[in-house]
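Here is the structure we will look at, set down as structure tokens.
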Amino acid sequence: MIISRKPQPKGEDVELPESSHQVKEHSLLLVFRMIGILSFFFVMQVTVTLLILMPSAIPVDLPISDSALLIIVIVAELAMGILEAVMLLFVTLHWLTTNYYITREHVIRYAGIMSVDEHIFELSHLRSVELHQSWFGRLCHYGNITLRFAVSGYHEDLTMREIAYPKLYERALKKHIREKKPANAF
């Protein structure tokens, strides 16, 4: 059976796919991050607007004309709008451009837009699989999987962060470790 994004029943066998299978961060986290950014800037814009509309909220009498104050408010609102758009773009592009691919022989991590970092890990060197999930991660089916690869005393870890249905991938990768033959078996 090929790994799917839907949770599998506990008793069912899980196998690594014949071809490449893409693993992404959970889309729910992208939505939460975007809502957080939008909420933060909404509160900031309301605060700036209230400070301007309620001059009694500012205890100091500023020697600024109304037109200069209006220009300051417009510039502040524009700056916040630009910063908000940049942050939303950054969060979305990070989500779109961080990908993991699992095949029968490799785990591949791609990250980046203009300059792409590609790390290829051989599954034959996979030594352990660790799953890390918070209570909210268990509730929403996302978490981190840390894969430890080792060759001749050298080891390297790959953490697949905030991926959807990590338990499914943990079972498939642990099954792969159990089934692989020792390197010096005849």
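Each chain in the structure tokens gets a letter, A, B, ..., in the order shown, and its residues are numbered from 1; ligands are numbered from 1 in order too.
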#### Entry: Shell around Tyr101 in chain A at 7 Å using only C-alpha atoms, local window under 5 positions removed, as a VMD selection string
chain A and resid 20 to 23 107 to 109
Just write the chosen residues, C-alpha atoms, as a PDB file, in the first residue's frame.
```pdb
ATOM      1  CA  SER A  20       8.350   9.642  -4.920  1.00  0.00           C
ATOM      2  CA  HIS A  21       5.804  10.761  -2.322  1.00  0.00           C
ATOM      3  CA  GLN A  22       5.637  14.416  -1.283  1.00  0.00           C
ATOM      4  CA  VAL A  23       5.371  15.274   2.418  1.00  0.00           C
ATOM      5  CA  VAL A 107      14.415  10.919   1.835  1.00  0.00           C
ATOM      6  CA  ILE A 108      14.902  14.232   0.036  1.00  0.00           C
ATOM      7  CA  ARG A 109      14.474  17.693   1.536  1.00  0.00           C
TER       8      ARG A 109
END
```
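Near range 116-131 of chain A, within 7 Å and counting only C-alpha atoms, sit Glu105, His106, Val107, Ile108, Arg109, Tyr110, Asn144, Ile145, Thr146, Leu147, Arg148, Phe149, Ala150, Val151, Glu170, Lys174 and Ile177 of chain A; same-chain residues fewer than 6 positions away were not included.
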Requested write-out: N, CA, C and O atoms of the selected residues, as a short mmCIF file (atom, residue, chain, number, x, y, z; two decimals), in the first residue's frame:
```
data_model
loop_
_atom_site.label_atom_id
_atom_site.label_comp_id
_atom_site.auth_asym_id
_atom_site.auth_seq_id
_atom_site.Cartn_x
_atom_site.Cartn_y
_atom_site.Cartn_z
N GLU A 105 14.29 4.38 -1.60
CA GLU A 105 15.73 4.47 -1.34
C GLU A 105 16.18 5.74 -0.63
O GLU A 105 17.26 5.77 -0.05
N HIS A 106 15.40 6.83 -0.71
CA HIS A 106 15.87 8.12 -0.23
C HIS A 106 14.78 8.91 0.49
O HIS A 106 13.59 8.71 0.25
N VAL A 107 15.25 9.83 1.32
CA VAL A 107 14.42 10.92 1.83
C VAL A 107 15.09 12.19 1.33
O VAL A 107 16.30 12.37 1.51
N ILE A 108 14.34 13.03 0.65
CA ILE A 108 14.90 14.23 0.04
C ILE A 108 14.22 15.45 0.65
O ILE A 108 12.99 15.48 0.76
N ARG A 109 15.01 16.44 1.01
CA ARG A 109 14.47 17.69 1.54
C ARG A 109 14.84 18.81 0.57
O ARG A 109 16.00 19.02 0.27
N TYR A 110 13.80 19.50 0.07
CA TYR A 110 13.99 20.69 -0.77
C TYR A 110 13.52 21.90 0.02
O TYR A 110 12.47 21.87 0.63
N ASN A 144 6.43 16.60 14.36
CA ASN A 144 7.79 16.54 13.83
C ASN A 144 8.28 15.11 13.87
O ASN A 144 8.04 14.40 14.85
N ILE A 145 8.98 14.70 12.82
CA ILE A 145 9.65 13.41 12.81
C ILE A 145 11.14 13.69 12.64
O ILE A 145 11.53 14.39 11.71
N THR A 146 11.94 13.14 13.55
CA THR A 146 13.39 13.26 13.44
C THR A 146 13.95 11.93 12.98
O THR A 146 13.72 10.90 13.61
N LEU A 147 14.66 11.97 11.86
CA LEU A 147 15.28 10.77 11.29
C LEU A 147 16.78 10.86 11.55
O LEU A 147 17.39 11.89 11.29
N ARG A 148 17.36 9.80 12.08
CA ARG A 148 18.80 9.77 12.32
C ARG A 148 19.43 8.81 11.32
O ARG A 148 19.08 7.65 11.25
N PHE A 149 20.37 9.37 10.55
CA PHE A 149 21.11 8.60 9.56
C PHE A 149 22.54 8.46 10.06
O PHE A 149 23.11 9.43 10.56
N ALA A 150 23.12 7.26 9.92
CA ALA A 150 24.48 7.05 10.40
C ALA A 150 25.25 6.16 9.42
O ALA A 150 24.73 5.18 8.91
N VAL A 151 26.52 6.56 9.18
CA VAL A 151 27.43 5.79 8.33
C VAL A 151 28.82 5.91 8.94
O VAL A 151 29.32 7.03 9.14
N GLU A 170 5.95 7.75 10.52
CA GLU A 170 6.77 7.10 11.54
C GLU A 170 6.64 5.58 11.43
O GLU A 170 7.64 4.86 11.44
N LYS A 174 9.73 3.14 10.43
CA LYS A 174 10.16 2.14 11.41
C LYS A 174 10.04 0.74 10.83
O LYS A 174 10.89 -0.12 11.09
N ILE A 177 13.07 0.15 8.74
CA ILE A 177 14.26 -0.17 9.55
C ILE A 177 14.22 -1.64 9.98
O ILE A 177 15.23 -2.34 9.91
#
```
### Members of chain A assigned helix (DSSP H, G or I) by DSSP, as a VMD selection string
chain A and resid 27 to 53 55 to 57 66 to 97 123 to 125 135 to 140 166 to 179
### Message
Report, in Å with one decimal, the straight-line distance from CA of Leu30 in chain A to CA of Leu88 in chain A.
### Response
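The value is 9.7 Å.
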### Query
Which neighbours of Trp95 in chain A fall inside 9 Å, counting only C-alpha atoms, when residues of the same chain fewer than 6 positions from it are skipped, and could you give them as a ChimeraX atom specification?
/A:24-27,30
Filtering to C-alpha atoms, could you give me those residues as a compact mmCIF listing (two decimals), in the first residue's frame?
```
# COMPACT_ATOMS: atom_id res chain seq x y z
CA LYS A 24 4.50 18.88 3.38
CA GLU A 25 3.91 20.91 6.47
CA HIS A 26 0.30 20.72 7.59
CA SER A 27 -1.83 23.31 5.78
CA LEU A 30 -0.30 27.88 7.42
```
### Message
I'd like the contact shell of Leu139 in chain A - 12 Å cut-off, only C-alpha atoms, skipping same-chain residues fewer than 3 positions apart - returned as a PyMOL selection string.
### Response
chain A and resi 28+133-136+142-143+164-165
### Which of A:Met87, A:Met54, A:Val31, A:Cys140 sits closest to Lys167 in chain A [using only C-alpha atoms]
A:Cys140
### Message
I'd like the interatomic distance between CA of Val46 in chain A and CA of Val91 in chain A, to a tenth of an Å.
### Response
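Between CA of Val46 in chain A and CA of Val91 in chain A the gap works out to 23.2 Å.
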### Message
List as an MDAnalysis selection string the protein and nucleic acid residues near Glu84 in chain A, meaning an atom at most 12 Å away when only C-alpha atoms are counted, but skip any in the same chain fewer than 5 places from it.
### Response
chainID A and resid 34:42 44:45 77:79 89:91
### Message
Would you compute the distance between CA of Ala172 in chain A and CA of Gly112 in chain A? Give it in Å to one decimal.
### Response
27.0 Å
